[in-house]
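Engineer: Take a look at the following structure, please.
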Amino acid sequence: MNSVQVIAIEGLPLSKKDDNIGQLLVSATKKQGIQLQERDIIVVTHVFVSKAEGNVVNLDTIKPSERAFEIAKQTNKDPALVEVILQEAKEIVKIGSNSIITETKSGTISANSGVDRSNVLGERNVVPLPKDPNKSAHNIRTEIKQLTGVNVAVIISDTHGRPFRIGEINVAIGVAGIKPIRDRRGEKDLFGYTLRIKQTAIADELASTAELVIGQASEGIPAAIIRGYTAYQVDENIATDKLIRSKEKDLFR
């Protein structure tokens, strides 16, 4: 029988600078009576990872630029927050009435460069994305392997909006040990037709699946295990840049 389990990793503390995420995850699963298995997929929120990496910014330490003040007026945002958003951005894609869509330095297209104000202690503190999400995922995966002897895949997730759709979903911004795209071009459908454009973004699908049990608000659950999805390909080299459509092919830019 084909089935997939989504298991919340409970009992994790609020992460802080210099925490070892791999150790925290392994310790929490053991306390929960869960034994990690080969080909489990662990999804972790970017805020949990960024805080452990010390990537937290106090807005009172930021001196806004003239550009930040201009955009702050357009978007009704704190100029210091806008400055952090600009510092995290490689390019501004669009400025709306209350959001700034950017291409981040790590390549993702995000509202406000992915800078988050939730689940961080201190009213003036914000959390940017990890500096190198794929490296962060790799480090977590390596630590789990060293502690348990088990090969898992790791996905670092973030919440994104979508063109033409209300509501947000989780997407993958960093991956390790998993090929993020399942390329089905060349396969046959039920009627024998050859698939020509079918490429499934499984890393994004898995990130959204995990969000069903990950708590974004008061639940305090920043990570989950997806178990039973064995169709993914293990890959040590593929990164999330494979998920990003080139500017030339993007109809929305």
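Residues in the structure tokens are named by chain (A, B, ... in the order shown) and by number from 1 within that chain; ligands are numbered from 1 in the order shown.
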Need to verify the contact set: Val6 of chain A, 12 Å, only C-alpha atoms, exclusion of same-chain residues closer than 6 positions in sequence. Can you return it as JSON, numbers by chain?
Structural biologist: {"A": [40, 41, 42, 43, 206, 207, 208, 209, 210, 211, 212, 213, 214, 223, 224, 225, 226, 227, 228, 229]}
Engineer: Can those selected residues be exported to a file as a compact mmCIF listing (two decimals), in the first residue's frame so that it contains N, CA and C atoms?
Structural biologist:
```txt
# COMPACT_ATOMS: atom_id res chain seq x y z
N ASP A 40 14.09 8.87 5.40
CA ASP A 40 13.21 9.87 5.99
C ASP A 40 13.57 11.24 5.41
N ILE A 41 12.60 12.11 5.36
CA ILE A 41 12.82 13.49 4.90
C ILE A 41 12.49 14.41 6.06
N ILE A 42 13.43 15.23 6.45
CA ILE A 42 13.22 16.16 7.55
C ILE A 42 13.08 17.57 6.99
N VAL A 43 11.97 18.21 7.32
CA VAL A 43 11.69 19.58 6.88
C VAL A 43 11.81 20.49 8.10
N LEU A 206 6.90 18.54 -0.75
CA LEU A 206 7.21 17.97 0.56
C LEU A 206 7.24 19.06 1.63
N ALA A 207 7.76 20.24 1.29
CA ALA A 207 7.77 21.35 2.24
C ALA A 207 6.35 21.74 2.64
N SER A 208 5.45 21.79 1.66
CA SER A 208 4.05 22.12 1.96
C SER A 208 3.36 21.01 2.74
N THR A 209 3.70 19.78 2.44
CA THR A 209 3.14 18.66 3.19
C THR A 209 3.52 18.77 4.66
N ALA A 210 4.78 19.09 4.93
CA ALA A 210 5.23 19.20 6.31
C ALA A 210 4.51 20.31 7.06
N GLU A 211 4.12 21.37 6.35
CA GLU A 211 3.47 22.51 7.00
C GLU A 211 2.12 22.12 7.61
N LEU A 212 1.57 21.00 7.20
CA LEU A 212 0.30 20.55 7.78
C LEU A 212 0.45 20.25 9.27
N VAL A 213 1.66 19.94 9.72
CA VAL A 213 1.87 19.66 11.14
C VAL A 213 2.84 20.64 11.80
N ILE A 214 3.57 21.41 10.99
CA ILE A 214 4.48 22.40 11.56
C ILE A 214 3.67 23.60 12.03
N ALA A 223 9.69 21.71 12.91
CA ALA A 223 10.26 20.66 12.06
C ALA A 223 9.34 19.45 12.02
N ALA A 224 9.46 18.69 10.95
CA ALA A 224 8.64 17.49 10.78
C ALA A 224 9.40 16.44 9.99
N ILE A 225 8.99 15.20 10.16
CA ILE A 225 9.53 14.07 9.39
C ILE A 225 8.48 13.62 8.40
N ILE A 226 8.88 13.44 7.16
CA ILE A 226 8.01 12.82 6.17
C ILE A 226 8.57 11.43 5.91
N ARG A 227 7.75 10.43 6.13
CA ARG A 227 8.20 9.04 6.05
C ARG A 227 7.33 8.27 5.07
N GLY A 228 7.96 7.49 4.22
CA GLY A 228 7.22 6.65 3.30
C GLY A 228 7.26 7.10 1.87
N TYR A 229 7.73 8.35 1.64
CA TYR A 229 7.87 8.80 0.26
C TYR A 229 9.25 8.38 -0.23
```
Engineer: Using only C-alpha atoms, which residues sit within 9 Å of segment 140-152 of chain A once same-chain residues fewer than 2 positions away are excluded, as a PyMOL selection string?
Structural biologist: chain A and resi 20-23+25-26+35-42+135-138+154+176-178
Engineer: Produce a file of the selected residues containing N, CA and C atoms, as a CSV table (one decimal), in the first residue's frame.
Structural biologist:
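Once written, selection-v6.csv looks like this:
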```
chain,number,residue,atom,x,y,z
A,20,ASN,N,23.2,23.5,17.7
A,20,ASN,CA,23.4,22.5,16.6
A,20,ASN,C,22.1,21.9,16.3
A,21,ILE,N,21.6,22.3,15.1
A,21,ILE,CA,20.2,21.8,14.7
A,21,ILE,C,20.1,20.3,14.6
A,22,GLY,N,21.1,19.7,14.0
A,22,GLY,CA,21.1,18.2,13.9
A,22,GLY,C,21.0,17.6,15.2
A,23,GLN,N,21.7,18.0,16.2
A,23,GLN,CA,21.7,17.4,17.6
A,23,GLN,C,20.3,17.7,18.2
A,25,LEU,N,17.4,18.0,16.7
A,25,LEU,CA,16.4,17.2,16.0
A,25,LEU,C,16.6,15.7,16.5
A,26,VAL,N,17.8,15.2,16.6
A,26,VAL,CA,18.0,13.8,17.0
A,26,VAL,C,17.5,13.7,18.4
A,35,GLN,N,12.5,6.6,16.0
A,35,GLN,CA,13.8,6.3,15.5
A,35,GLN,C,13.9,6.7,14.0
A,36,LEU,N,14.8,7.6,13.7
A,36,LEU,CA,14.9,8.0,12.3
A,36,LEU,C,15.3,6.8,11.4
A,37,GLN,N,14.8,6.8,10.2
A,37,GLN,CA,15.0,5.7,9.3
A,37,GLN,C,15.6,6.2,8.0
A,38,GLU,N,16.2,5.3,7.3
A,38,GLU,CA,16.8,5.6,6.0
A,38,GLU,C,15.7,6.2,5.1
A,39,ARG,N,16.1,7.2,4.4
A,39,ARG,CA,15.2,7.9,3.4
A,39,ARG,C,14.1,8.7,4.1
A,40,ASP,N,14.1,8.9,5.4
A,40,ASP,CA,13.2,9.9,6.0
A,40,ASP,C,13.6,11.2,5.4
A,41,ILE,N,12.6,12.1,5.4
A,41,ILE,CA,12.8,13.5,4.9
A,41,ILE,C,12.5,14.4,6.1
A,42,ILE,N,13.4,15.2,6.4
A,42,ILE,CA,13.2,16.2,7.6
A,42,ILE,C,13.1,17.6,7.0
A,135,LYS,N,23.7,24.9,2.0
A,135,LYS,CA,24.8,24.5,2.9
A,135,LYS,C,24.3,24.2,4.3
A,136,SER,N,23.3,25.0,4.8
A,136,SER,CA,22.7,24.7,6.1
A,136,SER,C,22.0,23.4,6.1
A,137,ALA,N,21.3,23.1,5.0
A,137,ALA,CA,20.6,21.7,4.9
A,137,ALA,C,21.7,20.6,4.9
A,138,HIS,N,22.8,20.8,4.2
A,138,HIS,CA,23.8,19.8,4.2
A,138,HIS,C,24.4,19.6,5.5
A,154,VAL,N,17.2,16.5,3.9
A,154,VAL,CA,16.8,17.6,4.6
A,154,VAL,C,16.3,18.7,3.7
A,176,ALA,N,19.2,19.1,0.9
A,176,ALA,CA,20.4,18.3,0.9
A,176,ALA,C,20.0,16.8,0.9
A,177,GLY,N,20.6,16.0,0.0
A,177,GLY,CA,20.3,14.6,-0.1
A,177,GLY,C,19.1,14.2,-0.9
A,178,ILE,N,18.6,15.2,-1.6
A,178,ILE,CA,17.4,14.9,-2.4
A,178,ILE,C,17.4,15.7,-3.7
```
Engineer: Which one is closest to Lys94 of chain A: A:Ala231, A:Ser113, A:Thr159, A:Pro130? Count only C-alpha atoms.
Structural biologist: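 Closest candidate: A:Ser113.
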Engineer: Would you list, as an MDAnalysis selection string, the residues of segment 73-238 of chain A that end up in strand (DSSP E) under DSSP run on this structure's backbone?
Structural biologist: chainID A and resid 89:95 100:104 109:111 125:126 153:162 165:176 182:183 199:200 223:227
Engineer: How many Å separate atom CA of Thr61 of chain A from atom CA of Arg124 of chain A?
Structural biologist: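 Separation between atom CA of Thr61 of chain A and atom CA of Arg124 of chain A: 9.6 Å.
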Engineer: Measuring between only C-alpha atoms, which one of A:Pro128, A:Ile244, A:Val56, A:Thr230 shows the shortest distance to Gln5 of chain A?
Structural biologist: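 Distance minimum relative to Gln5 of chain A lands on A:Thr230.
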Engineer: Figure out the distance between atom CA of Glu70 of chain A and atom CA of Val84 of chain A, please, to one decimal in Å.
Structural biologist: 14.0 Å
Engineer: Pick out the closest residue to Val175 of chain A from this set: A:Thr200, A:Thr104, A:Ser118, A:Asn237. Count only C-alpha atoms.
Structural biologist: A:Asn237
Engineer: List every residue of segment 144-200 of chain A that DSSP, applied to the backbone, labels as helix (DSSP H, G or I), and write the result as a list in words.
Structural biologist: Ile144, Lys145, Gln146, Leu147 and Thr148 of chain A
Engineer: Between A:Lys247, A:Phe69, A:Ser110, A:Gly220, which is the closest to Glu10 of chain A once you count only C-alpha atoms?
Structural biologist: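 Closest to Glu10 of chain A of all the choices is A:Gly220.
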Engineer: Grab the atom CA of Leu81 of chain A to atom CA of Asn170 of chain A distance for me, in Å with one decimal place.
Structural biologist: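 About the pair atom CA of Leu81 of chain A and atom CA of Asn170 of chain A: they are 22.7 Å apart.
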Engineer: Which residue gives the smallest distance to Ile7 of chain A among A:Ser50, A:Ser246, A:Gln32, A:Asn139, with only C-alpha atoms counted?
Structural biologist: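 That would be A:Gln32, the residue with the smallest distance to Ile7 of chain A.
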Engineer: Measuring atom to atom with only C-alpha atoms, identify which of A:Val120, A:Val49, A:Ile181, A:Ile62 is nearest to Asp132 of chain A.
Structural biologist: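 Of all the options, A:Val49 lies closest to Asp132 of chain A.
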Engineer: Leaving out Val171 of chain A and any residue of its chain fewer than 2 positions from it, which residues lie within 6 Å of it when counting only C-alpha atoms, given as a count of residues only?
Structural biologist: 4
